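With compact mmCIF, N, CA, C and O atoms and all ligand atoms inside, this is target33.txt:
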```txt
# COMPACT_ATOMS: atom_id res chain seq x y z
N MET T 585 -13.45 45.60 -56.30
CA MET T 585 -13.51 44.34 -57.02
C MET T 585 -14.87 43.68 -56.83
O MET T 585 -15.46 43.15 -57.75
N PHE T 586 -15.40 43.77 -55.58
CA PHE T 586 -16.67 43.13 -55.30
C PHE T 586 -17.85 44.10 -55.43
O PHE T 586 -18.98 43.74 -55.23
N ARG T 587 -17.51 45.31 -55.75
CA ARG T 587 -18.57 46.30 -55.85
C ARG T 587 -19.48 45.96 -57.04
O ARG T 587 -19.01 45.69 -58.12
N ARG T 588 -20.77 45.97 -56.76
CA ARG T 588 -21.70 45.65 -57.84
C ARG T 588 -21.88 46.88 -58.72
O ARG T 588 -22.13 47.97 -58.24
N ARG T 589 -21.70 46.68 -59.99
CA ARG T 589 -21.90 47.78 -60.93
C ARG T 589 -23.12 47.49 -61.78
O ARG T 589 -23.37 46.38 -62.18
N SER T 590 -23.85 48.53 -62.04
CA SER T 590 -25.02 48.35 -62.89
C SER T 590 -24.92 49.30 -64.07
O SER T 590 -24.68 50.48 -63.92
N THR T 591 -25.11 48.77 -65.25
CA THR T 591 -25.07 49.60 -66.45
C THR T 591 -26.42 50.25 -66.70
O THR T 591 -26.56 51.09 -67.56
N THR T 592 -27.43 49.82 -65.91
CA THR T 592 -28.77 50.36 -66.13
C THR T 592 -29.14 51.38 -65.07
O THR T 592 -30.30 51.73 -64.92
N GLY T 593 -28.17 51.84 -64.34
CA GLY T 593 -28.42 52.91 -63.38
C GLY T 593 -28.99 52.46 -62.05
O GLY T 593 -29.74 53.18 -61.42
N GLY T 594 -28.63 51.26 -61.64
CA GLY T 594 -28.99 50.83 -60.29
C GLY T 594 -30.22 49.98 -60.20
O GLY T 594 -31.08 50.19 -59.36
N ALA T 595 -30.34 49.00 -61.06
CA ALA T 595 -31.47 48.08 -60.98
C ALA T 595 -31.42 47.29 -59.68
O ALA T 595 -32.43 47.00 -59.08
N ARG T 596 -30.19 46.97 -59.22
CA ARG T 596 -30.05 46.27 -57.95
C ARG T 596 -29.52 47.21 -56.90
O ARG T 596 -28.91 48.22 -57.19
N SER T 597 -29.75 46.80 -55.66
CA SER T 597 -29.40 47.63 -54.53
C SER T 597 -27.89 47.80 -54.39
O SER T 597 -27.12 46.87 -54.64
N GLN T 598 -27.45 49.00 -54.00
CA GLN T 598 -26.05 49.24 -53.65
C GLN T 598 -25.88 49.12 -52.15
O GLN T 598 -24.87 49.52 -51.61
N GLU T 599 -26.87 48.54 -51.51
CA GLU T 599 -26.81 48.34 -50.07
C GLU T 599 -26.17 47.00 -49.75
O GLU T 599 -26.62 45.97 -50.24
N ALA T 600 -25.14 47.03 -48.93
CA ALA T 600 -24.56 45.77 -48.46
C ALA T 600 -25.40 45.20 -47.33
O ALA T 600 -25.59 44.00 -47.21
N LEU T 601 -25.89 46.10 -46.50
CA LEU T 601 -26.63 45.66 -45.31
C LEU T 601 -27.75 46.64 -44.98
O LEU T 601 -27.55 47.86 -45.04
N ARG T 602 -28.89 46.11 -44.66
CA ARG T 602 -30.00 46.94 -44.22
C ARG T 602 -30.69 46.27 -43.04
O ARG T 602 -31.05 45.09 -43.12
N LEU T 603 -30.84 47.00 -41.97
CA LEU T 603 -31.60 46.52 -40.82
C LEU T 603 -32.82 47.41 -40.67
O LEU T 603 -32.70 48.64 -40.75
N VAL T 604 -33.96 46.80 -40.49
CA VAL T 604 -35.20 47.55 -40.31
C VAL T 604 -35.84 47.14 -38.99
O VAL T 604 -36.28 46.00 -38.82
N LYS T 605 -35.82 48.06 -38.05
CA LYS T 605 -36.46 47.87 -36.75
C LYS T 605 -36.12 46.53 -36.11
O LYS T 605 -37.00 45.78 -35.69
N VAL T 606 -34.83 46.23 -36.06
CA VAL T 606 -34.38 44.96 -35.51
C VAL T 606 -34.37 45.03 -33.97
O VAL T 606 -33.81 45.96 -33.38
N ALA T 607 -35.02 44.05 -33.36
CA ALA T 607 -35.09 43.99 -31.91
C ALA T 607 -34.66 42.61 -31.43
O ALA T 607 -34.91 41.60 -32.08
N LYS T 608 -33.97 42.61 -30.29
CA LYS T 608 -33.54 41.34 -29.69
C LYS T 608 -33.55 41.47 -28.18
O LYS T 608 -32.93 42.38 -27.62
N VAL T 609 -34.27 40.57 -27.55
CA VAL T 609 -34.33 40.55 -26.09
C VAL T 609 -33.85 39.19 -25.62
O VAL T 609 -34.29 38.16 -26.13
N TYR T 610 -32.90 39.19 -24.68
CA TYR T 610 -32.46 37.94 -24.07
C TYR T 610 -33.23 37.75 -22.77
O TYR T 610 -33.49 38.70 -22.05
N GLY T 611 -33.55 36.50 -22.45
CA GLY T 611 -34.21 36.19 -21.20
C GLY T 611 -35.68 36.59 -21.23
O GLY T 611 -36.19 37.09 -22.22
N THR T 612 -36.34 36.32 -20.13
CA THR T 612 -37.77 36.63 -20.02
C THR T 612 -38.07 37.27 -18.68
O THR T 612 -37.27 37.20 -17.75
N ALA T 613 -39.24 37.87 -18.63
CA ALA T 613 -39.78 38.47 -17.40
C ALA T 613 -38.75 39.37 -16.72
O ALA T 613 -38.19 40.26 -17.35
N GLU T 614 -38.45 39.11 -15.44
CA GLU T 614 -37.56 40.02 -14.71
C GLU T 614 -36.10 39.89 -15.15
O GLU T 614 -35.27 40.74 -14.81
N ASN T 615 -35.83 38.80 -15.92
CA ASN T 615 -34.46 38.62 -16.43
C ASN T 615 -34.28 39.19 -17.84
O ASN T 615 -33.20 39.06 -18.41
N ALA T 616 -35.32 39.78 -18.39
CA ALA T 616 -35.25 40.24 -19.78
C ALA T 616 -34.24 41.38 -19.94
O ALA T 616 -34.21 42.31 -19.13
N VAL T 617 -33.41 41.24 -20.96
CA VAL T 617 -32.44 42.29 -21.31
C VAL T 617 -32.66 42.66 -22.77
O VAL T 617 -32.56 41.81 -23.65
N THR T 618 -32.97 43.90 -23.01
CA THR T 618 -33.14 44.36 -24.39
C THR T 618 -31.77 44.72 -24.95
O THR T 618 -31.17 45.71 -24.56
N ALA T 619 -31.28 43.86 -25.86
CA ALA T 619 -29.96 44.10 -26.45
C ALA T 619 -30.07 45.03 -27.66
O ALA T 619 -29.21 45.89 -27.87
N LEU T 620 -31.11 44.85 -28.45
CA LEU T 620 -31.36 45.71 -29.60
C LEU T 620 -32.80 46.20 -29.54
O LEU T 620 -33.73 45.39 -29.43
N ASP T 621 -32.97 47.50 -29.61
CA ASP T 621 -34.30 48.10 -29.44
C ASP T 621 -34.66 48.87 -30.72
O ASP T 621 -34.39 50.05 -30.84
N SER T 622 -35.21 48.12 -31.68
CA SER T 622 -35.67 48.72 -32.94
C SER T 622 -34.54 49.47 -33.67
O SER T 622 -34.62 50.68 -33.88
N VAL T 623 -33.52 48.71 -34.04
CA VAL T 623 -32.37 49.29 -34.73
C VAL T 623 -32.58 49.26 -36.24
O VAL T 623 -32.86 48.22 -36.82
N SER T 624 -32.46 50.42 -36.86
CA SER T 624 -32.54 50.51 -38.31
C SER T 624 -31.27 51.18 -38.83
O SER T 624 -30.81 52.16 -38.25
N LEU T 625 -30.71 50.61 -39.89
CA LEU T 625 -29.53 51.23 -40.50
C LEU T 625 -29.36 50.70 -41.91
O LEU T 625 -29.92 49.68 -42.29
N SER T 626 -28.57 51.42 -42.67
CA SER T 626 -28.27 51.02 -44.03
C SER T 626 -26.80 51.29 -44.30
O SER T 626 -26.31 52.40 -44.05
N LEU T 627 -26.09 50.27 -44.77
CA LEU T 627 -24.67 50.42 -45.09
C LEU T 627 -24.48 50.13 -46.57
O LEU T 627 -24.92 49.08 -47.07
N SER T 628 -23.82 51.04 -47.26
CA SER T 628 -23.68 50.85 -48.70
C SER T 628 -22.49 49.97 -49.03
O SER T 628 -21.51 49.89 -48.28
N THR T 629 -22.62 49.31 -50.15
CA THR T 629 -21.56 48.43 -50.64
C THR T 629 -20.26 49.20 -50.79
O THR T 629 -20.26 50.32 -51.28
N GLY T 630 -19.17 48.62 -50.33
CA GLY T 630 -17.86 49.23 -50.46
C GLY T 630 -17.53 50.22 -49.37
O GLY T 630 -16.45 50.80 -49.37
N SER T 631 -18.43 50.41 -48.43
CA SER T 631 -18.17 51.36 -47.34
C SER T 631 -17.63 50.60 -46.13
O SER T 631 -17.73 49.38 -46.04
N PHE T 632 -17.04 51.37 -45.21
CA PHE T 632 -16.53 50.79 -43.97
C PHE T 632 -17.24 51.47 -42.80
O PHE T 632 -17.42 52.68 -42.80
N THR T 633 -17.63 50.66 -41.84
CA THR T 633 -18.34 51.21 -40.69
C THR T 633 -17.78 50.59 -39.41
O THR T 633 -17.56 49.39 -39.37
N ALA T 634 -17.53 51.42 -38.43
CA ALA T 634 -17.11 50.92 -37.12
C ALA T 634 -18.31 50.91 -36.19
O ALA T 634 -19.06 51.88 -36.14
N VAL T 635 -18.49 49.81 -35.49
CA VAL T 635 -19.55 49.72 -34.49
C VAL T 635 -18.91 49.94 -33.14
O VAL T 635 -18.09 49.15 -32.70
N MET T 636 -19.29 51.04 -32.48
CA MET T 636 -18.65 51.41 -31.23
C MET T 636 -19.68 51.58 -30.12
O MET T 636 -20.81 51.96 -30.38
N GLY T 637 -19.26 51.31 -28.92
CA GLY T 637 -20.15 51.49 -27.78
C GLY T 637 -19.60 50.75 -26.58
O GLY T 637 -18.76 49.86 -26.73
N PRO T 638 -20.08 51.08 -25.40
CA PRO T 638 -19.58 50.43 -24.19
C PRO T 638 -19.94 48.94 -24.16
O PRO T 638 -20.81 48.49 -24.90
N SER T 639 -19.24 48.22 -23.32
CA SER T 639 -19.52 46.81 -23.13
C SER T 639 -20.98 46.62 -22.73
O SER T 639 -21.50 47.34 -21.89
N GLY T 640 -21.65 45.69 -23.40
CA GLY T 640 -23.04 45.41 -23.09
C GLY T 640 -24.03 46.25 -23.87
O GLY T 640 -25.24 46.14 -23.67
N SER T 641 -23.54 47.08 -24.79
CA SER T 641 -24.45 47.97 -25.52
C SER T 641 -25.09 47.30 -26.73
O SER T 641 -25.93 47.91 -27.39
N GLY T 642 -24.67 46.07 -27.04
CA GLY T 642 -25.35 45.33 -28.10
C GLY T 642 -24.58 45.16 -29.39
O GLY T 642 -25.14 44.72 -30.39
N LYS T 643 -23.29 45.48 -29.37
CA LYS T 643 -22.48 45.39 -30.60
C LYS T 643 -22.45 43.96 -31.14
O LYS T 643 -22.69 43.72 -32.34
N SER T 644 -22.15 43.01 -30.29
CA SER T 644 -22.04 41.62 -30.74
C SER T 644 -23.39 41.09 -31.21
O SER T 644 -23.47 40.40 -32.22
N THR T 645 -24.43 41.44 -30.49
CA THR T 645 -25.78 41.02 -30.89
C THR T 645 -26.13 41.59 -32.25
O THR T 645 -26.68 40.89 -33.11
N LEU T 646 -25.79 42.84 -32.45
CA LEU T 646 -26.04 43.49 -33.75
C LEU T 646 -25.34 42.74 -34.88
O LEU T 646 -25.95 42.41 -35.91
N LEU T 647 -24.06 42.44 -34.67
CA LEU T 647 -23.28 41.78 -35.72
C LEU T 647 -23.77 40.35 -35.94
O LEU T 647 -23.79 39.87 -37.08
N GLN T 648 -24.16 39.67 -34.87
CA GLN T 648 -24.66 38.30 -35.03
C GLN T 648 -25.96 38.29 -35.81
O GLN T 648 -26.18 37.41 -36.66
N CYS T 649 -26.82 39.25 -35.56
CA CYS T 649 -28.08 39.33 -36.31
C CYS T 649 -27.80 39.73 -37.76
O CYS T 649 -28.42 39.21 -38.69
N ALA T 650 -26.86 40.64 -37.96
CA ALA T 650 -26.55 41.11 -39.31
C ALA T 650 -25.90 40.00 -40.14
O ALA T 650 -26.06 39.96 -41.36
N ALA T 651 -25.20 39.08 -39.46
CA ALA T 651 -24.49 38.02 -40.17
C ALA T 651 -25.35 36.77 -40.34
O ALA T 651 -24.91 35.81 -40.96
N GLY T 652 -26.54 36.76 -39.78
CA GLY T 652 -27.38 35.58 -39.87
C GLY T 652 -27.01 34.49 -38.89
O GLY T 652 -27.48 33.37 -38.98
N LEU T 653 -26.13 34.82 -37.93
CA LEU T 653 -25.73 33.84 -36.92
C LEU T 653 -26.76 33.75 -35.81
O LEU T 653 -26.82 32.77 -35.08
N ASP T 654 -27.55 34.80 -35.69
CA ASP T 654 -28.62 34.80 -34.70
C ASP T 654 -29.84 35.46 -35.34
O ASP T 654 -29.70 36.19 -36.33
N ARG T 655 -31.00 35.18 -34.79
CA ARG T 655 -32.22 35.74 -35.36
C ARG T 655 -32.76 36.83 -34.44
O ARG T 655 -32.88 36.63 -33.23
N PRO T 656 -33.11 37.96 -35.02
CA PRO T 656 -33.77 38.96 -34.19
C PRO T 656 -35.17 38.49 -33.80
O PRO T 656 -35.74 37.63 -34.45
N ASP T 657 -35.67 39.04 -32.70
CA ASP T 657 -37.05 38.72 -32.29
C ASP T 657 -38.04 39.34 -33.26
O ASP T 657 -39.11 38.79 -33.51
N SER T 658 -37.69 40.50 -33.77
CA SER T 658 -38.54 41.15 -34.77
C SER T 658 -37.66 42.05 -35.62
O SER T 658 -36.51 42.30 -35.30
N GLY T 659 -38.24 42.51 -36.71
CA GLY T 659 -37.49 43.34 -37.64
C GLY T 659 -36.95 42.51 -38.79
O GLY T 659 -37.12 41.29 -38.84
N ARG T 660 -36.29 43.20 -39.71
CA ARG T 660 -35.80 42.54 -40.91
C ARG T 660 -34.32 42.85 -41.13
O ARG T 660 -33.85 43.94 -40.82
N VAL T 661 -33.63 41.84 -41.65
CA VAL T 661 -32.22 41.99 -42.00
C VAL T 661 -32.06 41.63 -43.47
O VAL T 661 -32.46 40.54 -43.89
N MET T 662 -31.49 42.52 -44.24
CA MET T 662 -31.22 42.24 -45.65
C MET T 662 -29.71 42.38 -45.90
O MET T 662 -29.11 43.40 -45.61
N VAL T 663 -29.13 41.32 -46.44
CA VAL T 663 -27.72 41.33 -46.80
C VAL T 663 -27.63 41.28 -48.32
O VAL T 663 -28.13 40.33 -48.93
N ASP T 664 -27.01 42.28 -48.87
CA ASP T 664 -26.86 42.36 -50.33
C ASP T 664 -28.22 42.20 -51.02
O ASP T 664 -28.34 41.52 -52.03
N GLY T 665 -29.23 42.80 -50.41
CA GLY T 665 -30.57 42.79 -51.00
C GLY T 665 -31.38 41.54 -50.71
O GLY T 665 -32.54 41.45 -51.10
N GLU T 666 -30.76 40.58 -50.01
CA GLU T 666 -31.48 39.33 -49.73
C GLU T 666 -31.92 39.27 -48.29
O GLU T 666 -31.15 39.51 -47.36
N GLU T 667 -33.16 38.89 -48.11
CA GLU T 667 -33.74 38.78 -46.77
C GLU T 667 -33.06 37.67 -45.98
O GLU T 667 -32.96 36.53 -46.44
N MET T 668 -32.58 38.03 -44.79
CA MET T 668 -31.94 37.02 -43.93
C MET T 668 -32.90 36.52 -42.86
O MET T 668 -32.66 35.50 -42.23
N THR T 669 -33.95 37.27 -42.64
CA THR T 669 -34.88 36.90 -41.59
C THR T 669 -36.00 36.06 -42.20
O THR T 669 -36.47 36.35 -43.29
N GLY T 670 -36.39 35.05 -41.51
CA GLY T 670 -37.53 34.26 -41.95
C GLY T 670 -37.18 32.99 -42.67
O GLY T 670 -38.00 32.09 -42.77
N GLY T 671 -35.94 32.86 -43.15
CA GLY T 671 -35.56 31.65 -43.86
C GLY T 671 -35.30 30.50 -42.90
O GLY T 671 -35.26 30.67 -41.69
N SER T 672 -35.12 29.31 -43.45
CA SER T 672 -34.81 28.14 -42.63
C SER T 672 -33.35 28.21 -42.22
O SER T 672 -32.57 28.99 -42.74
N GLU T 673 -32.98 27.36 -41.24
CA GLU T 673 -31.58 27.28 -40.82
C GLU T 673 -30.70 26.92 -42.00
O GLU T 673 -29.61 27.46 -42.18
N ALA T 674 -31.16 25.98 -42.81
CA ALA T 674 -30.37 25.53 -43.95
C ALA T 674 -30.18 26.67 -44.94
O ALA T 674 -29.07 26.88 -45.46
N ALA T 675 -31.24 27.43 -45.17
CA ALA T 675 -31.15 28.55 -46.11
C ALA T 675 -30.20 29.61 -45.57
O ALA T 675 -29.41 30.19 -46.31
N LEU T 676 -30.27 29.85 -44.24
CA LEU T 676 -29.38 30.83 -43.63
C LEU T 676 -27.92 30.42 -43.79
O LEU T 676 -27.06 31.23 -44.10
N THR T 677 -27.67 29.13 -43.56
CA THR T 677 -26.31 28.62 -43.70
C THR T 677 -25.80 28.82 -45.12
O THR T 677 -24.67 29.28 -45.32
N1 LIG F 701 -26.66 34.90 -24.70
C1 LIG F 701 -27.06 35.90 -23.89
N2 LIG F 701 -27.94 35.67 -22.90
C2 LIG F 701 -28.37 36.67 -22.10
N3 LIG F 701 -28.00 37.96 -22.23
C3 LIG F 701 -27.13 38.25 -23.21
C4 LIG F 701 -26.63 37.25 -24.10
N4 LIG F 701 -25.78 37.84 -24.99
C5 LIG F 701 -25.76 39.15 -24.66
N5 LIG F 701 -26.56 39.40 -23.59
C6 LIG F 701 -26.82 40.72 -23.00
O1 LIG F 701 -27.24 41.58 -24.03
C7 LIG F 701 -26.66 42.87 -23.88
C8 LIG F 701 -25.83 43.19 -25.12
O2 LIG F 701 -24.73 42.31 -25.15
P1 LIG F 701 -23.69 42.29 -26.35
O3 LIG F 701 -24.44 42.28 -27.65
O4 LIG F 701 -22.76 41.16 -26.08
O5 LIG F 701 -22.98 43.70 -26.18
P2 LIG F 701 -21.48 44.15 -26.56
O6 LIG F 701 -20.98 43.24 -27.65
O7 LIG F 701 -21.65 45.59 -27.01
O8 LIG F 701 -20.68 44.06 -25.31
C9 LIG F 701 -25.84 42.81 -22.58
O9 LIG F 701 -26.65 43.29 -21.54
C10 LIG F 701 -25.56 41.32 -22.42
O10 LIG F 701 -25.41 40.99 -21.06
MG MG F 702 -19.25 42.09 -27.82
```

Could you quickly redo this structure as structure tokens?
Ligand SMILES: Nc1ncnc2c1ncn2[C@@H]1O[C@H](COP(=O)(O)OP(=O)(O)O)[C@@H](O)[C@H]1O
Ligand SMILES: [Mg+2]
Amino acid sequence: MFRRRSTTGGARSQEALRLVKVAKVYGTAENAVTALDSVSLSLSTGSFTAVMGPSGSGKSTLLQCAAGLDRPDSGRVMVDGEEMTGGSEAALT
């Protein structure tokens, strides 16, 4: 129902989510924890993906960055073809 269809053969992206070299570090200096270390992925519209890994491996951080609830330190997040990184708080909301 929500799948984007294009009659022109894909003028718009069929990507629901794209992460390009997303990095996130909590804390500084000796307390620094790298939660995401240059994560890149692409998920197509209408697909299902499970994020799995041990506790502390960065699943929640990944999802928060992908949802625009948190900002990565570097890298880019695109949701449905729209850049989520770099906008204002109001724009993100
Ligand atoms: N707000 C935070 N401040 C400091 N460290 C954090 C914070 N949130 C997560 N971390 C650390 O980042 C790493 C990844 O955490 P998280 O994304 O919650 O992993 P998961 O959801 O897979 O358990 C862990 O080492 C965690 O301790
Ligand atoms: Mg978690």

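Here atom C of T:Ala619 is placed at a distance of 18.6 Å from atom CA of T:Thr633.
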
>> Give me, as a ChimeraX atom specification, the set of residues whose atoms come within 8 Å of any atom of ligand MG 702 (chain F), counting only N, CA, C and O atoms and all ligand atoms.
In response: /T:637-645

The selected residues should be written to file as a PDB file, in the coordinates of the input (atoms: N, CA, C and O atoms).
```
ATOM      1  N   GLY T 637     -19.260  51.310 -28.920  1.00  0.00           N
ATOM      2  CA  GLY T 637     -20.150  51.490 -27.780  1.00  0.00           C
ATOM      3  C   GLY T 637     -19.600  50.750 -26.580  1.00  0.00           C
ATOM      4  O   GLY T 637     -18.760  49.860 -26.730  1.00  0.00           O
ATOM      5  N   PRO T 638     -20.080  51.080 -25.400  1.00  0.00           N
ATOM      6  CA  PRO T 638     -19.580  50.430 -24.190  1.00  0.00           C
ATOM      7  C   PRO T 638     -19.940  48.940 -24.160  1.00  0.00           C
ATOM      8  O   PRO T 638     -20.810  48.490 -24.900  1.00  0.00           O
ATOM      9  N   SER T 639     -19.240  48.220 -23.320  1.00  0.00           N
ATOM     10  CA  SER T 639     -19.520  46.810 -23.130  1.00  0.00           C
ATOM     11  C   SER T 639     -20.980  46.620 -22.730  1.00  0.00           C
ATOM     12  O   SER T 639     -21.500  47.340 -21.890  1.00  0.00           O
ATOM     13  N   GLY T 640     -21.650  45.690 -23.400  1.00  0.00           N
ATOM     14  CA  GLY T 640     -23.040  45.410 -23.090  1.00  0.00           C
ATOM     15  C   GLY T 640     -24.030  46.250 -23.870  1.00  0.00           C
ATOM     16  O   GLY T 640     -25.240  46.140 -23.670  1.00  0.00           O
ATOM     17  N   SER T 641     -23.540  47.080 -24.790  1.00  0.00           N
ATOM     18  CA  SER T 641     -24.450  47.970 -25.520  1.00  0.00           C
ATOM     19  C   SER T 641     -25.090  47.300 -26.730  1.00  0.00           C
ATOM     20  O   SER T 641     -25.930  47.910 -27.390  1.00  0.00           O
ATOM     21  N   GLY T 642     -24.670  46.070 -27.040  1.00  0.00           N
ATOM     22  CA  GLY T 642     -25.350  45.330 -28.100  1.00  0.00           C
ATOM     23  C   GLY T 642     -24.580  45.160 -29.390  1.00  0.00           C
ATOM     24  O   GLY T 642     -25.140  44.720 -30.390  1.00  0.00           O
ATOM     25  N   LYS T 643     -23.290  45.480 -29.370  1.00  0.00           N
ATOM     26  CA  LYS T 643     -22.480  45.390 -30.600  1.00  0.00           C
ATOM     27  C   LYS T 643     -22.450  43.960 -31.140  1.00  0.00           C
ATOM     28  O   LYS T 643     -22.690  43.720 -32.340  1.00  0.00           O
ATOM     29  N   SER T 644     -22.150  43.010 -30.290  1.00  0.00           N
ATOM     30  CA  SER T 644     -22.040  41.620 -30.740  1.00  0.00           C
ATOM     31  C   SER T 644     -23.390  41.090 -31.210  1.00  0.00           C
ATOM     32  O   SER T 644     -23.470  40.400 -32.220  1.00  0.00           O
ATOM     33  N   THR T 645     -24.430  41.440 -30.490  1.00  0.00           N
ATOM     34  CA  THR T 645     -25.780  41.020 -30.890  1.00  0.00           C
ATOM     35  C   THR T 645     -26.130  41.590 -32.250  1.00  0.00           C
ATOM     36  O   THR T 645     -26.680  40.890 -33.110  1.00  0.00           O
TER      37      THR T 645
END
```

Using the file's own x, y and z axes, so that the box edges lie along x, y and z, what centre and edge lengths in Å (one decimal) does a box around every listed atom of ligand LIG 701 (chain F) get when 6 Å is added on each side? Give it as lines of an AutoDock Vina configuration file.
```
center_x = -24.5
center_y = 40.2
center_z = -24.4
size_x = 19.7
size_y = 22.7
size_z = 18.6
```

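Taking atom C of T:Leu647 and atom O of T:Glu614 as endpoints, the distance between them is 24.1 Å.
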
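Within chain T, the backbone-based DSSP assignment of alpha helix (DSSP H) covers Lys643, Ser644, Thr645, Leu646, Leu647, Gln648, Cys649, Ala650, Glu673, Ala674, Ala675 and Leu676 of chain T.
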
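The space separating atom N of T:Ala650 from atom CA of T:Ser631 comes to 16.7 Å.
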
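Closest approach to ligand LIG 701 (chain F) among T:Asp621, T:Leu646, T:Gly630, T:Val606: T:Leu646, based on all atoms listed in the file.
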
> Excluding same-chain residues fewer than 6 positions from T:Val661, what lies within 6 Å of it counting only N, CA, C and O atoms, as a VMD selection string?
Replying inline: chain T and resid 602 to 604 649 667 to 669

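Considering only C-alpha atoms and all ligand atoms, the residue among T:Leu653, T:Ala616, T:Leu627, T:Met662 positioned nearest to ligand LIG 701 (chain F) is T:Ala616.
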
>> Ranking T:Val623, T:Ala675, T:Val617, T:Ala651 by minimum distance to ligand LIG 701 (chain F) and counting only N, CA, C and O atoms and all ligand atoms, which one comes first?
In response: T:Val617

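Nearest to T:Gly659 of all the residues T:Gln598, T:Gly671, T:Ala607, T:Asn615 is T:Ala607, counting all atoms listed in the file.
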
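With distances restricted to only C-alpha atoms and all ligand atoms, T:Asp654 is the closest residue to ligand LIG 701 (chain F) from T:Asp664, T:Glu599, T:Glu673, T:Asp654.
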
> Counting only C-alpha atoms and all ligand atoms, which of T:Val663, T:Ala613, T:Ala600, T:Met636 gets nearest to ligand LIG 701 (chain F)?
Replying inline: T:Met636
